[in-house]
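K.L.:
See model16.txt below, with compact mmCIF, C-alpha atoms.
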```
# COMPACT_ATOMS: atom_id res chain seq x y z
CA MET A 1 132.30 137.81 122.61
CA ARG A 2 130.90 140.91 120.97
CA ALA A 3 127.25 141.38 120.18
CA THR A 4 126.05 140.61 116.68
CA ARG A 5 125.44 143.75 114.65
CA ALA A 6 121.83 144.33 113.64
CA ASP A 7 122.62 144.05 109.91
CA ALA A 8 124.60 140.85 110.47
CA ALA A 9 121.69 139.36 112.42
CA ARG A 10 119.29 140.37 109.62
CA ASN A 11 121.59 138.78 107.02
CA ARG A 12 121.75 135.56 109.05
CA ASP A 13 117.96 135.47 109.48
CA GLN A 14 117.47 136.18 105.78
CA LEU A 15 119.94 133.45 104.82
CA LEU A 16 118.21 130.99 107.13
CA ALA A 17 114.76 131.80 105.70
CA VAL A 18 115.98 131.58 102.11
CA ALA A 19 117.92 128.36 102.76
CA THR A 20 114.80 126.83 104.31
CA ARG A 21 112.74 127.79 101.25
CA VAL A 22 115.40 126.59 98.79
CA PHE A 23 115.89 123.29 100.60
CA ALA A 24 112.11 122.72 100.65
CA SER A 25 111.72 123.35 96.93
CA ALA A 26 114.82 121.46 95.76
CA ASP A 27 114.83 117.92 94.43
CA ALA A 28 118.56 117.62 95.10
CA GLU A 29 120.87 119.44 97.47
CA PRO A 30 121.32 123.00 96.18
CA SER A 31 124.77 124.54 96.10
CA MET A 32 125.80 127.08 98.68
CA ARG A 33 126.26 129.52 95.80
CA ALA A 34 122.62 128.99 94.70
CA ILE A 35 121.42 129.72 98.24
CA ALA A 36 123.53 132.89 98.45
CA ARG A 37 122.28 134.03 95.04
CA GLU A 38 118.65 133.42 96.04
CA ALA A 39 119.24 135.39 99.26
CA GLY A 40 120.74 138.27 97.30
CA VAL A 41 124.08 138.14 99.13
CA GLY A 42 127.58 137.21 98.11
CA ILE A 43 128.95 133.75 98.78
CA ALA A 44 131.39 135.24 101.30
CA THR A 45 128.45 136.53 103.37
CA LEU A 46 126.90 133.07 103.39
CA TYR A 47 130.18 131.46 104.45
CA ARG A 48 130.76 134.11 107.11
CA HIS A 49 127.51 133.05 108.80
CA PHE A 50 127.64 129.36 107.88
CA PRO A 51 131.22 128.25 107.20
CA THR A 52 130.17 124.80 106.00
CA ARG A 53 127.15 123.17 104.38
CA GLU A 54 126.75 121.20 107.61
CA SER A 55 126.54 124.36 109.70
CA LEU A 56 123.79 125.71 107.41
CA VAL A 57 121.87 122.41 107.42
CA ASP A 58 122.19 122.24 111.20
CA ALA A 59 120.88 125.81 111.60
CA VAL A 60 117.91 125.19 109.27
CA TYR A 61 117.10 121.87 110.94
CA ARG A 62 117.27 123.30 114.47
CA ASP A 63 115.26 126.37 113.47
CA GLN A 64 112.51 124.16 112.08
CA VAL A 65 112.44 121.96 115.19
CA VAL A 66 112.15 125.06 117.39
CA ARG A 67 109.32 126.35 115.20
CA LEU A 68 107.48 123.04 115.61
CA THR A 69 107.98 122.79 119.35
CA THR A 70 107.15 126.40 120.17
CA GLY A 71 104.47 126.37 117.49
CA ALA A 72 102.44 123.83 119.45
CA ARG A 73 102.09 126.17 122.43
CA GLU A 74 101.53 129.23 120.25
CA LEU A 75 98.79 127.52 118.26
CA LEU A 76 97.01 126.49 121.47
CA GLY A 77 97.02 130.14 122.49
CA GLU A 78 95.34 131.11 119.23
CA MET A 79 92.78 128.37 118.54
CA PRO A 80 90.95 125.36 120.00
CA PRO A 81 93.07 122.22 120.46
CA ALA A 82 91.64 120.26 117.50
CA ALA A 83 92.27 123.19 115.15
CA ALA A 84 95.75 123.64 116.67
CA MET A 85 96.52 119.96 116.04
CA ARG A 86 95.45 120.21 112.41
CA ARG A 87 97.50 123.36 111.84
CA TRP A 88 100.50 121.77 113.59
CA MET A 89 100.21 118.84 111.18
CA ASP A 90 100.64 121.31 108.31
CA LEU A 91 103.74 122.73 110.01
CA PHE A 92 105.10 119.20 110.39
CA GLY A 93 104.54 118.63 106.66
CA ASP A 94 106.46 121.82 105.91
CA TRP A 95 109.29 120.56 108.13
CA ILE A 96 109.39 117.25 106.28
CA ALA A 97 109.45 119.11 102.93
CA THR A 98 112.35 121.28 104.09
CA LYS A 99 114.49 118.17 104.41
CA ASN A 100 114.19 117.41 100.66
CA GLY A 101 117.13 119.53 99.60
CA MET A 102 119.36 118.66 102.52
CA LEU A 103 118.67 114.97 102.99
CA GLY A 104 122.12 113.66 102.13
CA THR A 105 123.90 116.09 104.42
CA LEU A 106 121.31 115.65 107.16
CA LEU A 107 121.57 111.85 107.13
CA ALA A 108 125.37 112.04 107.27
CA MET A 109 125.14 114.41 110.24
CA ILE A 110 122.71 112.13 112.07
CA GLU A 111 124.92 109.11 111.38
CA SER A 112 128.01 110.94 112.67
CA GLY A 113 126.16 112.10 115.79
CA GLU A 114 126.33 115.81 114.91
CA ILE A 115 122.53 115.91 115.12
CA ALA A 116 120.85 113.98 117.93
CA HIS A 117 117.92 112.33 116.16
CA ALA A 118 116.54 110.88 119.42
CA GLN A 119 116.45 114.33 121.02
CA THR A 120 114.56 115.78 118.05
CA ARG A 121 112.11 112.90 118.17
CA ASN A 122 111.48 113.48 121.88
CA GLU A 123 110.96 117.21 121.34
CA LEU A 124 108.45 116.59 118.55
CA LEU A 125 106.58 113.96 120.56
CA ALA A 126 106.41 116.42 123.47
CA ALA A 127 104.91 119.07 121.14
CA ILE A 128 102.26 116.60 119.95
CA THR A 129 101.55 115.58 123.55
CA THR A 130 101.05 119.23 124.54
CA ILE A 131 98.29 119.59 121.97
CA LEU A 132 96.83 116.15 122.72
CA ASP A 133 96.62 116.91 126.44
CA ALA A 134 94.83 120.20 125.77
CA GLY A 135 92.50 118.45 123.34
CA ARG A 136 91.69 115.71 125.82
CA ALA A 137 90.97 118.25 128.54
CA ALA A 138 88.64 120.13 126.18
CA GLY A 139 87.02 116.91 124.98
CA ASP A 140 88.11 117.68 121.40
CA LEU A 141 90.58 114.82 120.94
CA ARG A 142 90.41 111.13 121.82
CA SER A 143 92.10 110.00 125.00
CA ASP A 144 93.29 106.65 123.63
CA VAL A 145 95.68 108.01 120.99
CA GLY A 146 99.31 108.77 121.80
CA ALA A 147 101.84 111.14 120.32
CA GLU A 148 103.76 108.23 118.74
CA ASP A 149 100.58 107.13 116.92
CA ILE A 150 100.17 110.60 115.46
CA ALA A 151 103.85 110.91 114.54
CA ALA A 152 103.77 107.54 112.75
CA SER A 153 100.58 108.55 110.92
CA LEU A 154 102.12 111.84 109.81
CA ILE A 155 105.24 110.14 108.52
CA GLY A 156 103.07 107.71 106.58
CA ILE A 157 100.95 110.51 105.12
CA PHE A 158 103.91 112.58 104.00
CA THR A 159 105.66 109.51 102.60
CA VAL A 160 102.76 108.70 100.26
CA ALA A 161 101.76 112.34 99.65
CA PRO A 162 104.82 114.62 99.70
CA ARG A 163 103.83 118.25 100.26
CA ARG A 164 105.13 119.83 97.09
CA GLU A 165 103.87 117.19 94.69
CA GLN A 166 100.60 116.19 96.33
CA ASP A 167 99.57 119.01 98.62
CA ALA A 168 95.82 118.49 98.06
CA ARG A 169 96.08 114.76 98.74
CA ALA A 170 98.16 115.37 101.87
CA GLY A 171 95.49 117.81 103.06
CA ARG A 172 92.72 115.26 102.56
CA LEU A 173 94.70 112.58 104.39
CA LEU A 174 95.42 114.95 107.26
CA ASP A 175 91.70 115.76 107.47
CA LEU A 176 90.94 112.03 107.61
CA LEU A 177 93.47 111.63 110.40
CA MET A 178 91.85 114.49 112.29
CA ASP A 179 88.43 112.86 111.88
CA GLY A 180 89.89 109.75 113.50
CA LEU A 181 91.33 111.78 116.39
CA ARG A 182 87.97 113.23 117.41
CA PRO A 183 85.91 111.40 120.03
CA ALA A 184 83.03 109.43 118.49
CA ASP A 185 80.45 111.60 120.26
CA ARG A 186 82.08 114.86 119.12
CA PRO A 187 81.25 116.36 115.67
CA ALA A 188 83.94 117.90 113.46
```
Give the structure from this file in structure tokens form.
P.N.:
Amino acid sequence: MRATRADAARNRDQLLAVATRVFASADAEPSMRAIAREAGVGIATLYRHFPTRESLVDAVYRDQVVRLTTGARELLGEMPPAAAMRRWMDLFGDWIATKNGMLGTLLAMIESGEIAHAQTRNELLAAITTILDAGRAAGDLRSDVGAEDIAASLIGIFTVAPRREQDARAGRLLDLLMDGLRPADRPA
């Protein structure tokens, strides 16, 4: 297998970034042509990198999961655990929003087994646990709250306050959640 040319890798990265942005801002699934147009490339370039809608959705989905899982460790390297948890919650909200424009395809891929939903869930719970463990060790986060509690809370928040439509409300709800995650004897 030959190495990917630098310009081909740039095109793929650009297409992935644009597709992520287009999916997040779309109310319905955008056409492949609309994504190519937004990326400033021809449709053939898009299909060369992603021969099907499913391959593009899969790449965007996996890229976002990797960003969330590696993001947990990166955030802990940059800020205290409580601040890292709050920032990670924003990243999770962005991930949820990205699914807006690819929901139909994504659900079909999960149903067919092309995307392992259980594996994604485990990876996300592990990312939350990484931050929780650091927060517990630092005394910044409660010890009686688990990753599944936080994941369920986040899903609830972003269900009632979707990012694009109610960003300010989502932010307030996330701040309330963070207040509940701090030990009673620890100020915000």
K.L.:
Can you measure CA of Gln64 in chain A to CA of Thr20 in chain A for me? One decimal in Å is fine.
P.N.:
8.5 Å
K.L.:
Using all atoms listed in the file, determine which residues lie at most 9 Å from Thr52 in chain A, disregarding the query and same-chain residues fewer than 5 positions distant; provide the list as a list in words.
P.N.:
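The filter keeps Met32, Tyr47 and Val57 of chain A.
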K.L.:
Within 9 Å of Ala72 in chain A, counting only C-alpha atoms, which residues show up once you throw out same-chain ones fewer than 5 positions away? Write them as a CSV table (one decimal) with C-alpha atoms, in the frame of the given file, please.
P.N.:
```
chain,number,residue,atom,x,y,z
A,67,ARG,CA,109.3,126.4,115.2
A,77,GLY,CA,97.0,130.1,122.5
A,84,ALA,CA,95.8,123.6,116.7
A,85,MET,CA,96.5,120.0,116.0
A,88,TRP,CA,100.5,121.8,113.6
A,127,ALA,CA,104.9,119.1,121.1
A,128,ILE,CA,102.3,116.6,120.0
A,130,THR,CA,101.0,119.2,124.5
A,131,ILE,CA,98.3,119.6,122.0
```
K.L.:
Using all atoms listed in the file, determine which residues lie at most 12 Å from Ala17 in chain A, disregarding the query and same-chain residues fewer than 5 positions distant; provide the list as a PDB file with C-alpha atoms, keeping the file's coordinate frame.
P.N.:
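Output (around_25.pdb):
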```pdb
ATOM      1  CA  ARG A  10     119.290 140.370 109.620  1.00  0.00           C
ATOM      2  CA  ASN A  11     121.590 138.780 107.020  1.00  0.00           C
ATOM      3  CA  ARG A  12     121.750 135.560 109.050  1.00  0.00           C
ATOM      4  CA  VAL A  22     115.400 126.590  98.790  1.00  0.00           C
ATOM      5  CA  PHE A  23     115.890 123.290 100.600  1.00  0.00           C
ATOM      6  CA  ALA A  24     112.110 122.720 100.650  1.00  0.00           C
ATOM      7  CA  ILE A  35     121.420 129.720  98.240  1.00  0.00           C
ATOM      8  CA  ALA A  36     123.530 132.890  98.450  1.00  0.00           C
ATOM      9  CA  GLU A  38     118.650 133.420  96.040  1.00  0.00           C
ATOM     10  CA  ALA A  39     119.240 135.390  99.260  1.00  0.00           C
ATOM     11  CA  LEU A  56     123.790 125.710 107.410  1.00  0.00           C
ATOM     12  CA  VAL A  57     121.870 122.410 107.420  1.00  0.00           C
ATOM     13  CA  ALA A  59     120.880 125.810 111.600  1.00  0.00           C
ATOM     14  CA  VAL A  60     117.910 125.190 109.270  1.00  0.00           C
ATOM     15  CA  TYR A  61     117.100 121.870 110.940  1.00  0.00           C
ATOM     16  CA  ASP A  63     115.260 126.370 113.470  1.00  0.00           C
ATOM     17  CA  GLN A  64     112.510 124.160 112.080  1.00  0.00           C
ATOM     18  CA  THR A  98     112.350 121.280 104.090  1.00  0.00           C
TER      19      THR A  98
END
```
K.L.:
Do you know which residues lie at most 7 Å from (128.0, 120.6, 111.0), with coordinates as in the file and only C-alpha atoms counted, and could you write them as a list in words?
P.N.:
Thr52, Glu54, Ser55, Asp58, Met109 and Glu114 of chain A
K.L.:
Using all atoms listed in the file, which residue out of A:Arg182, A:Lys99, A:Arg37, A:Arg5 lies closest to Phe158 in chain A?
P.N.:
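Going through A:Arg182, A:Lys99, A:Arg37, A:Arg5 one by one, the smallest distance to Phe158 in chain A is for A:Lys99.
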K.L.:
For Pro183 in chain A, find every residue with an atom within 10 Å (counting all atoms listed in the file), except residues of its own chain fewer than 4 positions away, and show them as a list in words.
P.N.:
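The filter keeps Arg136, Gly139, Asp140, Leu141, Arg142, Ser143, Asp144, Asp179, Pro187 and Ala188 of chain A.
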K.L.:
May I ask for the distance between CA of Leu15 in chain A and CA of Asp94 in chain A, given in Å to one decimal place?
P.N.:
17.8 Å
K.L.:
Rounded to one decimal, what separation in Å do you get between CA of Ile150 in chain A and CA of Glu111 in chain A?
P.N.:
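About the pair CA of Ile150 in chain A and CA of Glu111 in chain A: they are 25.1 Å apart.
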K.L.:
Set up a box along x, y and z of the file covering all listed atoms of range 134-138 of chain A, add 4 Å on every one of the six sides, and write the centre and edge lengths in Å to one decimal, as JSON.
P.N.:
```
{"center_x": 91.7, "center_y": 118.0, "center_z": 125.9, "size_x": 14.2, "size_y": 12.5, "size_z": 13.2}
```
K.L.:
So, counting all atoms listed in the file, which residue among A:Gly93, A:Pro51, A:Gly42, A:Gly113 is closest to Thr159 in chain A?
P.N.:
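Once distances to Thr159 in chain A are computed over all atoms listed in the file, the minimum belongs to A:Gly93.
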K.L.:
Counting all atoms listed in the file, which residues come within 10 Å of (97.3, 119.9, 105.1), with the point read in the file's coordinates, and could you list them as a PyMOL selection string?
P.N.:
chain A and resi 86-94+158+163+167-175
K.L.:
Which residue, A:Trp95, A:Met102, A:Met79, A:Val65, has the smallest gap to Ala26 in chain A when you use all atoms listed in the file?
P.N.:
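Selected residue with least distance to Ala26 in chain A: A:Met102.
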K.L.:
From the options A:Val41, A:Phe50, A:Pro81, A:Ala19, which residue's atoms come nearest to Ala137 in chain A, counting all atoms listed in the file?
P.N.:
A:Pro81
K.L.:
Which one of A:Ala34, A:Val66, A:Ala83, A:Ala161 sits closest to Leu132 in chain A if you count all atoms listed in the file?
P.N.:
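Result for the nearest residue to Leu132 in chain A: A:Ala83.
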K.L.:
Counting only C-alpha atoms, what is within 10 Å of Ala151 in chain A, bar same-chain residues fewer than 2 positions away, as a PyMOL selection string?
P.N.:
chain A and resi 89+92+121+124-125+128+146-149+153-157
